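Pasting coords.txt here (compact mmCIF, N, CA and C atoms):
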# COMPACT_ATOMS: atom_id res chain seq x y z
N MET A 1 -16.82 -13.76 61.77
CA MET A 1 -17.96 -14.58 61.47
C MET A 1 -17.82 -15.10 60.05
N MET A 2 -18.04 -16.37 59.82
CA MET A 2 -17.90 -17.03 58.53
C MET A 2 -19.25 -17.06 57.82
N SER A 3 -19.18 -16.99 56.50
CA SER A 3 -20.39 -17.07 55.69
C SER A 3 -20.73 -18.53 55.44
N ASN A 4 -22.00 -18.83 55.39
CA ASN A 4 -22.46 -20.20 55.15
C ASN A 4 -22.45 -20.54 53.65
N VAL A 5 -22.24 -19.55 52.77
CA VAL A 5 -22.25 -19.79 51.32
C VAL A 5 -20.85 -20.15 50.87
N VAL A 6 -20.77 -21.24 50.12
CA VAL A 6 -19.48 -21.67 49.57
C VAL A 6 -19.33 -21.06 48.18
N PRO A 7 -18.20 -20.36 47.89
CA PRO A 7 -18.02 -19.75 46.57
C PRO A 7 -17.75 -20.81 45.50
N THR A 8 -18.15 -20.48 44.28
CA THR A 8 -17.88 -21.38 43.15
C THR A 8 -16.41 -21.26 42.78
N VAL A 9 -15.97 -22.14 41.89
CA VAL A 9 -14.57 -22.12 41.45
C VAL A 9 -14.26 -20.80 40.77
N SER A 10 -15.19 -20.33 39.93
CA SER A 10 -14.98 -19.05 39.23
C SER A 10 -14.89 -17.91 40.22
N GLN A 11 -15.73 -17.91 41.23
CA GLN A 11 -15.70 -16.85 42.23
C GLN A 11 -14.41 -16.92 43.04
N GLU A 12 -13.96 -18.12 43.31
CA GLU A 12 -12.72 -18.30 44.06
C GLU A 12 -11.53 -17.77 43.25
N LYS A 13 -11.51 -18.11 41.93
CA LYS A 13 -10.43 -17.63 41.06
C LYS A 13 -10.47 -16.12 40.93
N GLU A 14 -11.67 -15.56 40.85
CA GLU A 14 -11.82 -14.12 40.74
C GLU A 14 -11.31 -13.44 42.01
N LYS A 15 -11.58 -14.04 43.14
CA LYS A 15 -11.14 -13.50 44.43
C LYS A 15 -9.62 -13.53 44.53
N ASN A 16 -9.01 -14.61 44.02
CA ASN A 16 -7.56 -14.77 44.08
C ASN A 16 -6.83 -13.99 42.98
N GLY A 17 -7.58 -13.52 42.00
CA GLY A 17 -6.96 -12.76 40.92
C GLY A 17 -6.43 -13.62 39.79
N THR A 18 -6.80 -14.88 39.73
CA THR A 18 -6.32 -15.76 38.67
C THR A 18 -7.35 -15.96 37.57
N TYR A 19 -8.52 -15.41 37.72
CA TYR A 19 -9.58 -15.55 36.73
C TYR A 19 -9.39 -14.42 35.72
N VAL A 20 -8.93 -14.75 34.53
CA VAL A 20 -8.51 -13.74 33.57
C VAL A 20 -9.49 -13.66 32.41
N PHE A 21 -9.99 -12.46 32.18
CA PHE A 21 -10.76 -12.19 30.97
C PHE A 21 -9.84 -11.48 30.00
N GLY A 22 -9.87 -11.86 28.76
CA GLY A 22 -9.02 -11.20 27.77
C GLY A 22 -9.30 -11.74 26.39
N LYS A 23 -8.35 -11.52 25.50
CA LYS A 23 -8.53 -11.94 24.12
C LYS A 23 -8.66 -13.45 23.98
N SER A 24 -7.94 -14.20 24.79
CA SER A 24 -7.95 -15.65 24.63
C SER A 24 -9.02 -16.33 25.48
N TRP A 25 -9.86 -15.58 26.12
CA TRP A 25 -10.85 -16.16 27.02
C TRP A 25 -12.22 -15.64 26.66
N ASN A 26 -13.19 -16.54 26.48
CA ASN A 26 -14.53 -16.08 26.11
C ASN A 26 -15.46 -15.98 27.31
N GLY A 27 -14.95 -16.23 28.54
CA GLY A 27 -15.75 -16.07 29.74
C GLY A 27 -16.57 -17.29 30.10
N LYS A 28 -16.56 -18.32 29.27
CA LYS A 28 -17.36 -19.51 29.54
C LYS A 28 -16.48 -20.74 29.77
N GLY A 29 -15.22 -20.55 29.92
CA GLY A 29 -14.34 -21.67 30.19
C GLY A 29 -13.67 -22.24 28.95
N THR A 30 -13.90 -21.66 27.78
CA THR A 30 -13.29 -22.15 26.55
C THR A 30 -12.32 -21.10 26.03
N HIS A 31 -11.10 -21.48 25.82
CA HIS A 31 -10.10 -20.56 25.29
C HIS A 31 -10.31 -20.39 23.79
N MET A 32 -10.16 -19.15 23.31
CA MET A 32 -10.39 -18.86 21.90
C MET A 32 -9.36 -19.54 21.01
N TRP A 33 -8.12 -19.72 21.47
CA TRP A 33 -7.12 -20.37 20.63
C TRP A 33 -7.53 -21.80 20.34
N ARG A 34 -8.19 -22.45 21.30
CA ARG A 34 -8.63 -23.82 21.09
C ARG A 34 -9.76 -23.87 20.06
N ILE A 35 -10.66 -22.89 20.12
CA ILE A 35 -11.74 -22.85 19.14
C ILE A 35 -11.17 -22.59 17.75
N LYS A 36 -10.20 -21.69 17.66
CA LYS A 36 -9.57 -21.41 16.36
C LYS A 36 -8.89 -22.65 15.81
N GLU A 37 -8.30 -23.41 16.68
CA GLU A 37 -7.60 -24.62 16.26
C GLU A 37 -8.57 -25.72 15.84
N GLU A 38 -9.65 -25.88 16.58
CA GLU A 38 -10.59 -26.97 16.32
C GLU A 38 -11.62 -26.62 15.25
N LYS A 39 -11.99 -25.35 15.14
CA LYS A 39 -13.02 -24.94 14.19
C LYS A 39 -12.56 -23.71 13.39
N PRO A 40 -11.57 -23.88 12.50
CA PRO A 40 -11.04 -22.72 11.77
C PRO A 40 -12.06 -22.10 10.81
N HIS A 41 -13.07 -22.87 10.40
CA HIS A 41 -14.06 -22.32 9.47
C HIS A 41 -14.86 -21.17 10.08
N LEU A 42 -14.93 -21.12 11.41
CA LEU A 42 -15.64 -20.02 12.06
C LEU A 42 -14.90 -18.69 11.92
N PHE A 43 -13.59 -18.75 11.70
CA PHE A 43 -12.78 -17.55 11.64
C PHE A 43 -12.40 -17.16 10.22
N GLU A 44 -12.75 -17.99 9.21
CA GLU A 44 -12.43 -17.66 7.83
C GLU A 44 -13.18 -16.41 7.38
N MET A 45 -14.42 -16.28 7.81
CA MET A 45 -15.20 -15.12 7.43
C MET A 45 -14.57 -13.85 8.00
N GLN A 46 -14.05 -13.92 9.21
CA GLN A 46 -13.40 -12.77 9.82
C GLN A 46 -12.18 -12.36 9.01
N LYS A 47 -11.39 -13.34 8.57
CA LYS A 47 -10.19 -13.05 7.80
C LYS A 47 -10.55 -12.46 6.44
N SER A 48 -11.53 -13.05 5.75
CA SER A 48 -11.92 -12.52 4.44
C SER A 48 -12.56 -11.15 4.57
N ALA A 49 -13.30 -10.91 5.64
CA ALA A 49 -13.90 -9.60 5.85
C ALA A 49 -12.82 -8.55 6.08
N TYR A 50 -11.76 -8.91 6.81
CA TYR A 50 -10.67 -7.97 7.04
C TYR A 50 -9.93 -7.68 5.73
N GLU A 51 -9.69 -8.72 4.91
CA GLU A 51 -9.03 -8.52 3.63
C GLU A 51 -9.88 -7.62 2.73
N GLN A 52 -11.20 -7.82 2.73
CA GLN A 52 -12.10 -6.99 1.95
C GLN A 52 -12.06 -5.54 2.46
N PHE A 53 -12.04 -5.37 3.76
CA PHE A 53 -11.96 -4.03 4.36
C PHE A 53 -10.66 -3.34 3.93
N GLU A 54 -9.54 -4.05 3.99
CA GLU A 54 -8.26 -3.48 3.59
C GLU A 54 -8.26 -3.10 2.12
N PHE A 55 -8.86 -3.96 1.27
CA PHE A 55 -8.93 -3.67 -0.16
C PHE A 55 -9.76 -2.41 -0.42
N GLU A 56 -10.91 -2.30 0.24
CA GLU A 56 -11.78 -1.14 0.05
C GLU A 56 -11.12 0.14 0.57
N ARG A 57 -10.42 0.03 1.68
CA ARG A 57 -9.73 1.19 2.23
C ARG A 57 -8.63 1.65 1.27
N ALA A 58 -7.87 0.69 0.73
CA ALA A 58 -6.81 1.03 -0.22
C ALA A 58 -7.41 1.55 -1.53
N ASN A 59 -8.55 0.98 -1.94
CA ASN A 59 -9.19 1.41 -3.17
C ASN A 59 -9.70 2.84 -3.05
N ASN A 60 -10.18 3.21 -1.86
CA ASN A 60 -10.60 4.59 -1.65
C ASN A 60 -9.40 5.52 -1.63
N ARG A 61 -8.30 5.06 -1.09
CA ARG A 61 -7.08 5.86 -1.01
C ARG A 61 -6.39 5.95 -2.36
N PHE A 62 -6.42 4.84 -3.13
CA PHE A 62 -5.75 4.76 -4.42
C PHE A 62 -6.76 4.29 -5.48
N PRO A 63 -7.60 5.18 -6.01
CA PRO A 63 -8.60 4.74 -6.99
C PRO A 63 -7.94 4.27 -8.28
N GLY A 64 -8.48 3.20 -8.85
CA GLY A 64 -7.97 2.65 -10.10
C GLY A 64 -6.94 1.55 -9.91
N PHE A 65 -6.45 1.36 -8.70
CA PHE A 65 -5.47 0.31 -8.44
C PHE A 65 -6.21 -0.99 -8.11
N GLU A 66 -5.63 -2.11 -8.55
CA GLU A 66 -6.22 -3.43 -8.33
C GLU A 66 -5.18 -4.36 -7.71
N PRO A 67 -5.62 -5.42 -7.02
CA PRO A 67 -4.65 -6.39 -6.50
C PRO A 67 -3.89 -7.04 -7.65
N CYS A 68 -2.64 -7.42 -7.39
CA CYS A 68 -1.81 -8.00 -8.44
C CYS A 68 -1.11 -9.26 -7.91
N GLN A 69 -0.15 -9.78 -8.70
CA GLN A 69 0.52 -11.03 -8.34
C GLN A 69 1.46 -10.87 -7.15
N PHE A 70 1.80 -9.65 -6.79
CA PHE A 70 2.67 -9.41 -5.65
C PHE A 70 1.81 -9.18 -4.41
N PRO A 71 1.93 -10.02 -3.37
CA PRO A 71 1.12 -9.81 -2.17
C PRO A 71 1.49 -8.51 -1.47
N GLY A 72 0.46 -7.77 -1.03
CA GLY A 72 0.69 -6.51 -0.35
C GLY A 72 0.90 -5.33 -1.29
N TRP A 73 0.65 -5.54 -2.59
CA TRP A 73 0.83 -4.49 -3.59
C TRP A 73 -0.46 -4.33 -4.40
N LEU A 74 -0.67 -3.13 -4.91
CA LEU A 74 -1.76 -2.85 -5.85
C LEU A 74 -1.14 -2.35 -7.15
N HIS A 75 -1.82 -2.62 -8.28
CA HIS A 75 -1.28 -2.28 -9.59
C HIS A 75 -2.28 -1.45 -10.38
N LYS A 76 -1.81 -0.42 -11.05
CA LYS A 76 -2.64 0.39 -11.95
C LYS A 76 -2.12 0.16 -13.36
N LYS A 77 -2.93 -0.53 -14.17
CA LYS A 77 -2.49 -0.96 -15.50
C LYS A 77 -2.28 0.20 -16.46
N GLU A 78 -3.11 1.26 -16.37
CA GLU A 78 -3.01 2.37 -17.32
C GLU A 78 -1.63 3.02 -17.29
N LYS A 79 -1.08 3.19 -16.11
CA LYS A 79 0.21 3.87 -15.97
C LYS A 79 1.33 2.92 -15.56
N ASN A 80 1.00 1.64 -15.39
CA ASN A 80 1.96 0.61 -14.99
C ASN A 80 2.69 1.01 -13.71
N THR A 81 1.91 1.43 -12.72
CA THR A 81 2.46 1.82 -11.43
C THR A 81 1.95 0.88 -10.35
N TYR A 82 2.70 0.79 -9.27
CA TYR A 82 2.37 -0.08 -8.15
C TYR A 82 2.34 0.74 -6.87
N VAL A 83 1.54 0.28 -5.90
CA VAL A 83 1.49 0.88 -4.57
C VAL A 83 1.79 -0.21 -3.56
N GLU A 84 2.75 0.02 -2.68
CA GLU A 84 3.02 -0.90 -1.58
C GLU A 84 2.09 -0.49 -0.44
N LEU A 85 1.21 -1.39 -0.04
CA LEU A 85 0.20 -1.04 0.96
C LEU A 85 0.81 -0.74 2.32
N ALA A 86 1.90 -1.38 2.67
CA ALA A 86 2.50 -1.17 3.98
C ALA A 86 3.01 0.27 4.13
N THR A 87 3.61 0.82 3.07
CA THR A 87 4.18 2.16 3.14
C THR A 87 3.36 3.19 2.39
N GLU A 88 2.44 2.73 1.54
CA GLU A 88 1.60 3.58 0.69
C GLU A 88 2.45 4.46 -0.22
N LYS A 89 3.56 3.91 -0.72
CA LYS A 89 4.43 4.62 -1.65
C LYS A 89 4.24 4.07 -3.06
N LEU A 90 4.49 4.94 -4.05
CA LEU A 90 4.34 4.55 -5.45
C LEU A 90 5.66 3.98 -5.98
N PHE A 91 5.54 2.95 -6.84
CA PHE A 91 6.69 2.30 -7.45
C PHE A 91 6.38 1.98 -8.91
N TRP A 92 7.42 1.71 -9.69
CA TRP A 92 7.27 1.15 -11.02
C TRP A 92 8.13 -0.11 -11.07
N PHE A 93 7.77 -1.04 -11.96
CA PHE A 93 8.47 -2.33 -11.99
C PHE A 93 9.46 -2.34 -13.14
N ASP A 94 10.72 -2.56 -12.83
CA ASP A 94 11.78 -2.63 -13.83
C ASP A 94 11.89 -4.07 -14.30
N GLU A 95 11.55 -4.31 -15.56
CA GLU A 95 11.57 -5.67 -16.11
C GLU A 95 13.00 -6.22 -16.20
N ALA A 96 13.97 -5.36 -16.46
CA ALA A 96 15.35 -5.83 -16.62
C ALA A 96 15.91 -6.39 -15.32
N THR A 97 15.68 -5.70 -14.21
CA THR A 97 16.23 -6.15 -12.93
C THR A 97 15.22 -6.93 -12.10
N GLN A 98 13.96 -6.99 -12.57
CA GLN A 98 12.88 -7.67 -11.85
C GLN A 98 12.75 -7.12 -10.43
N ALA A 99 12.74 -5.79 -10.32
CA ALA A 99 12.63 -5.15 -9.02
C ALA A 99 11.73 -3.92 -9.13
N HIS A 100 11.12 -3.57 -8.01
CA HIS A 100 10.32 -2.35 -7.94
C HIS A 100 11.23 -1.18 -7.65
N LYS A 101 11.06 -0.10 -8.39
CA LYS A 101 11.85 1.12 -8.20
C LYS A 101 10.90 2.24 -7.76
N PRO A 102 11.38 3.14 -6.90
CA PRO A 102 10.52 4.24 -6.44
C PRO A 102 10.09 5.14 -7.60
N LEU A 103 8.86 5.58 -7.54
CA LEU A 103 8.32 6.47 -8.56
C LEU A 103 8.15 7.85 -7.94
N PHE A 104 8.73 8.84 -8.57
CA PHE A 104 8.65 10.20 -8.07
C PHE A 104 7.81 11.02 -9.02
N GLU A 105 6.90 11.79 -8.48
CA GLU A 105 6.08 12.66 -9.30
C GLU A 105 6.87 13.93 -9.60
N GLY A 106 6.61 14.49 -10.77
CA GLY A 106 7.31 15.70 -11.18
C GLY A 106 6.92 16.90 -10.33
N GLN A 107 7.78 17.89 -10.32
CA GLN A 107 7.54 19.10 -9.56
C GLN A 107 7.32 20.26 -10.52
N SER A 108 6.45 21.17 -10.17
CA SER A 108 6.27 22.39 -10.94
C SER A 108 7.24 23.44 -10.42
N LEU A 109 8.08 23.91 -11.29
CA LEU A 109 9.03 24.94 -10.91
C LEU A 109 8.71 26.21 -11.69
N PRO A 110 8.85 27.37 -11.06
CA PRO A 110 8.58 28.61 -11.79
C PRO A 110 9.70 28.88 -12.79
N VAL A 111 9.35 28.90 -14.05
CA VAL A 111 10.32 29.14 -15.11
C VAL A 111 9.80 30.29 -15.96
N ALA A 112 10.67 31.24 -16.29
CA ALA A 112 10.30 32.35 -17.15
C ALA A 112 11.18 32.29 -18.39
N LEU A 113 10.59 32.52 -19.53
CA LEU A 113 11.32 32.51 -20.79
C LEU A 113 11.13 33.87 -21.43
N LEU A 114 12.23 34.50 -21.79
CA LEU A 114 12.19 35.82 -22.39
C LEU A 114 12.79 35.71 -23.78
N GLY A 115 12.05 36.15 -24.76
CA GLY A 115 12.54 36.07 -26.14
C GLY A 115 12.53 37.45 -26.78
N GLY A 116 13.36 37.61 -27.79
CA GLY A 116 13.42 38.88 -28.50
C GLY A 116 13.84 38.66 -29.94
N ALA A 117 13.54 39.59 -30.80
CA ALA A 117 13.93 39.49 -32.20
C ALA A 117 14.14 40.90 -32.76
N SER A 118 14.92 41.00 -33.81
CA SER A 118 15.10 42.28 -34.49
C SER A 118 15.18 42.02 -35.98
N ALA A 119 14.86 42.99 -36.77
CA ALA A 119 14.87 42.86 -38.22
C ALA A 119 15.86 43.86 -38.80
N VAL A 120 16.62 43.46 -39.80
CA VAL A 120 17.57 44.31 -40.49
C VAL A 120 17.21 44.27 -41.96
N ALA A 121 17.13 45.43 -42.59
CA ALA A 121 16.81 45.49 -44.02
C ALA A 121 18.02 45.02 -44.81
N ALA A 122 17.81 44.20 -45.82
CA ALA A 122 18.90 43.68 -46.65
C ALA A 122 19.22 44.69 -47.74
N ALA A 123 20.47 44.69 -48.19
CA ALA A 123 20.91 45.58 -49.29
C ALA A 123 20.35 45.06 -50.60
N SER A 124 20.29 45.94 -51.64
CA SER A 124 19.75 45.53 -52.94
C SER A 124 20.69 44.53 -53.60
N PRO A 125 20.19 43.62 -54.44
CA PRO A 125 21.04 42.59 -55.04
C PRO A 125 22.10 43.16 -55.98
N SER A 126 21.87 44.26 -56.67
CA SER A 126 22.87 44.82 -57.59
C SER A 126 24.05 45.40 -56.83
N ALA A 127 23.80 45.99 -55.69
CA ALA A 127 24.88 46.56 -54.90
C ALA A 127 25.73 45.47 -54.29
N ALA A 128 25.13 44.38 -53.92
CA ALA A 128 25.88 43.27 -53.33
C ALA A 128 26.78 42.63 -54.36
N SER A 129 26.37 42.51 -55.64
CA SER A 129 27.19 41.84 -56.65
C SER A 129 28.33 42.73 -57.13
N SER A 130 28.17 44.04 -57.10
CA SER A 130 29.22 44.93 -57.59
C SER A 130 30.37 45.03 -56.60
N SER A 131 30.09 44.90 -55.33
CA SER A 131 31.15 45.02 -54.34
C SER A 131 31.93 43.72 -54.16
N ALA A 132 31.40 42.60 -54.62
CA ALA A 132 32.08 41.31 -54.46
C ALA A 132 33.13 41.16 -55.57
N PRO A 133 34.32 40.59 -55.27
CA PRO A 133 35.34 40.40 -56.29
C PRO A 133 34.93 39.32 -57.29
N ALA A 134 35.46 39.39 -58.46
CA ALA A 134 35.16 38.41 -59.52
C ALA A 134 35.81 37.09 -59.16
N PRO A 135 35.16 35.98 -59.48
CA PRO A 135 35.77 34.69 -59.18
C PRO A 135 36.99 34.42 -60.07
N ARG A 136 37.95 33.73 -59.56
CA ARG A 136 39.18 33.39 -60.31
C ARG A 136 38.95 32.11 -61.07
N THR A 137 39.59 32.03 -62.18
CA THR A 137 39.56 30.79 -62.95
C THR A 137 40.89 30.12 -62.82
N ALA A 138 40.99 28.89 -63.17
CA ALA A 138 42.22 28.13 -63.04
C ALA A 138 43.27 28.61 -64.02
N ALA A 139 42.91 29.19 -65.16
CA ALA A 139 43.85 29.63 -66.17
C ALA A 139 44.50 30.95 -65.81
N SER A 140 43.89 31.81 -65.06
CA SER A 140 44.45 33.13 -64.83
C SER A 140 45.33 33.21 -63.66
Give the structure from the file, written as structure tokens.
Amino acid sequence: MMSNVVPTVSQEKEKNGTYVFGKSWNGKGTHMWRIKEEKPHLFEMQKSAYEQFEFERANNRFPGFEPCQFPGWLHKKEKNTYVELATEKLFWFDEATQAHKPLFEGQSLPVALLGGASAVAAASPSAASSSAPAPRTAAS
């Protein structure tokens, strides 16, 4: 028995499995890539909000670091150190080679130092002079 109701195009596509909901589809027949292309100002706030979120997350992780001239890096002026946000590793900038070099923090090692001293009484000055030989002169 056939139904008297004719399905809409959307219902027909849904029945056939070609009606796709996803990232590029807003469900109303307009693809999101087209909106991004035609109205980029609508997505600028999203991009700046994400950049702000990344900065705050990095700032919480690395307090005292600020954005610098190198994209994807943060700089701490007091110690002249850099953080690469992608790897979250510390670096220092070598002016001679114009390159970032890895920065390693020092390690505490258990070190023991043992010292000792002893005292010896010195002989009297008169005894020291009597036992020493007389100096020679050039004439003798």
Problem - All residues 12 Å or closer to range 68-77 of chain A, only C-alpha atoms, same chain fewer than 3 positions away omitted, as a list in words - result: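 My reading of the contact set: Glu51, Glu54, Phe55, Glu56, Ala58, Asn59, Arg61, Phe62, Pro63, Gly64, Phe65, Asn80, Thr81, Tyr82, Val83, Glu84, Leu85, Ala86, Thr87, Glu88, Lys89, Leu90, Phe91, Trp92, Phe93, Ala99 and His100 of chain A.
Looking only at range 21-117 of chain A, the set that DSSP places in helix (DSSP H, G or I) from backbone geometry is Met32, Trp33, Arg34, Ile35, Lys36, Glu37, Glu38, His41, Leu42, Phe43, Glu44, Met45, Gln46, Lys47, Ser48, Ala49, Tyr50, Glu51, Gln52, Phe53, Glu54, Phe55, Glu56, Arg57, Ala58, Asn59, Asn60 and Arg61 of chain A.
The two atoms in question, atom N of Met32 in chain A and CA of Pro7 in chain A, are spaced 24.6 Å apart.
Rounded to one decimal, CA of Phe43 in chain A and CA of Arg57 in chain A lie 21.2 Å from each other.
Going from CA of Trp33 in chain A over to CA of Val9 in chain A, you cover 22.2 Å.
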